[in-house]
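*Asks:* Structure in structure tokens, see below.
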Amino acid sequence: MQRVNLYPSPLTPLVNDGNGDTEHGDYDVAIDNLEAGTYVFAADIQNSGTQTGINVMLFDSDWSPLFNSAKIGHVKTTFALKKPDSVRIRAFQPGATISNVSVERADTYALTSGGGLPSFFTAQTAPY
């Protein structure tokens, strides 16, 4: 299996500049049509504001929280969807920036995140 980042725009940071409307999703990115299963969310979080508290939140389509973090720096967590759903990622407070976002199926993430090659793999040199 191959790792696939399901986040729609991994090179574009999600920024809460404090000028938008949280009721209308100005600080959100949605990932639609996810299958039921377990996923890994990883991102780098910065906050240039003076607030303390939650910087990033994940919600399902019913706005039920899946994850929140006040941490600055790299965050990683797993979350599960019991049915096909969408996930909304929100830069929660003014000054919060979420970058280097990755949302991957946990089964493919686990296969390749350990590093190295499986023990049954042996390298061979191609004859020339």
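Following the order of the structure tokens, first chain is A, next is B, and so on, with residues numbered from 1 inside each chain and ligands from 1 in the order they appear.
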If you run DSSP on this backbone, which residues of chain A come out as alpha helix (DSSP H), and could you give them as a ChimeraX atom specification?
*Replies:* /A:106-113
*Asks:* Selected residues, N, CA and C atoms, written as a CSV table (one decimal), in the first residue's frame, please.
*Replies:*
```csv
chain,number,residue,atom,x,y,z
A,106,ALA,N,-4.6,5.3,8.7
A,106,ALA,CA,-3.6,4.8,9.7
A,106,ALA,C,-3.0,3.5,9.2
A,107,ASP,N,-3.7,2.6,8.5
A,107,ASP,CA,-3.1,1.4,8.0
A,107,ASP,C,-1.9,1.6,7.1
A,108,THR,N,-2.0,2.5,6.2
A,108,THR,CA,-0.9,2.8,5.3
A,108,THR,C,0.2,3.6,6.0
A,109,TYR,N,-0.2,4.5,6.9
A,109,TYR,CA,0.8,5.3,7.6
A,109,TYR,C,1.7,4.3,8.5
A,110,ALA,N,1.1,3.4,9.1
A,110,ALA,CA,1.8,2.4,10.0
A,110,ALA,C,2.8,1.6,9.2
A,111,LEU,N,2.4,1.2,8.0
A,111,LEU,CA,3.3,0.3,7.2
A,111,LEU,C,4.6,1.0,6.8
A,112,THR,N,4.6,2.3,6.7
A,112,THR,CA,5.8,3.0,6.2
A,112,THR,C,6.4,3.9,7.2
A,113,SER,N,5.8,4.2,8.3
A,113,SER,CA,6.4,5.2,9.3
A,113,SER,C,7.5,4.6,10.1
```
*Asks:* Identify, on the basis of only C-alpha atoms, every residue whose closest approach to A:Asn16 does not exceed 12 Å; exclude the query and any residue fewer than 3 positions from it along the same chain; express the result as a list in words.
*Replies:*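 Using only C-alpha atoms, the neighbours found are Pro13, Asn19, Gly20, Asp21, Thr22, Gly25, Asp26, Tyr27, Asp28, Val29, Ile45, Gln46, Asn47, Ser48, Gly49, Asn55, Val56, Ile89, Arg90, Ala91, Phe92, Gln93, Pro94, Gly95, Ala96, Thr97, Ile98 and Ser99 of chain A.
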*Asks:* Residues of chain A classed as strand (DSSP E or B) by DSSP on the backbone are to be reported as a PyMOL selection string.
*Replies:* chain A and resi 14-15+28-34+37-47+56-60+65-69+73-81+85-91+96-105
*Asks:* Skip A:Arg105 itself and residues of its chain fewer than 5 positions away, then list as number ranges by chain all residues within 12 Å of it, counting only C-alpha atoms.
*Replies:* A: 1-7, 34-42, 77-81, 110-113
*Asks:* When distances are computed from only C-alpha atoms, which of A:Ser86, A:Ser102, A:Thr12, A:Thr50 shows the smallest separation from A:Trp63?
*Replies:*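 Among the listed residues, the smallest separation from A:Trp63 belongs to A:Ser86.
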*Asks:* Just the number, please: distance in Å from atom CA of A:Val75 to atom CA of A:Ile54, one decimal.
*Replies:* 12.4 Å
*Asks:* Given the choices A:Gly18, A:His24, A:Lys83, A:Ala30, which gets closest to A:Gln51 if the distance is worked out from only C-alpha atoms?
*Replies:*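 Among the listed residues, the smallest separation from A:Gln51 belongs to A:Gly18.
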*Asks:* Work out how far atom CA of A:Arg88 is from atom CA of A:Asp32, in Å to one decimal.
*Replies:*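 Value for the atom CA of A:Asp32-atom CA of A:Arg88 distance: 8.5 Å.
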*Asks:* To one decimal place, how far is atom CA of A:Leu58 from atom CA of A:Ile31 in Å?
*Replies:*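 Result for atom CA of A:Leu58 versus atom CA of A:Ile31: 10.6 Å, one decimal.
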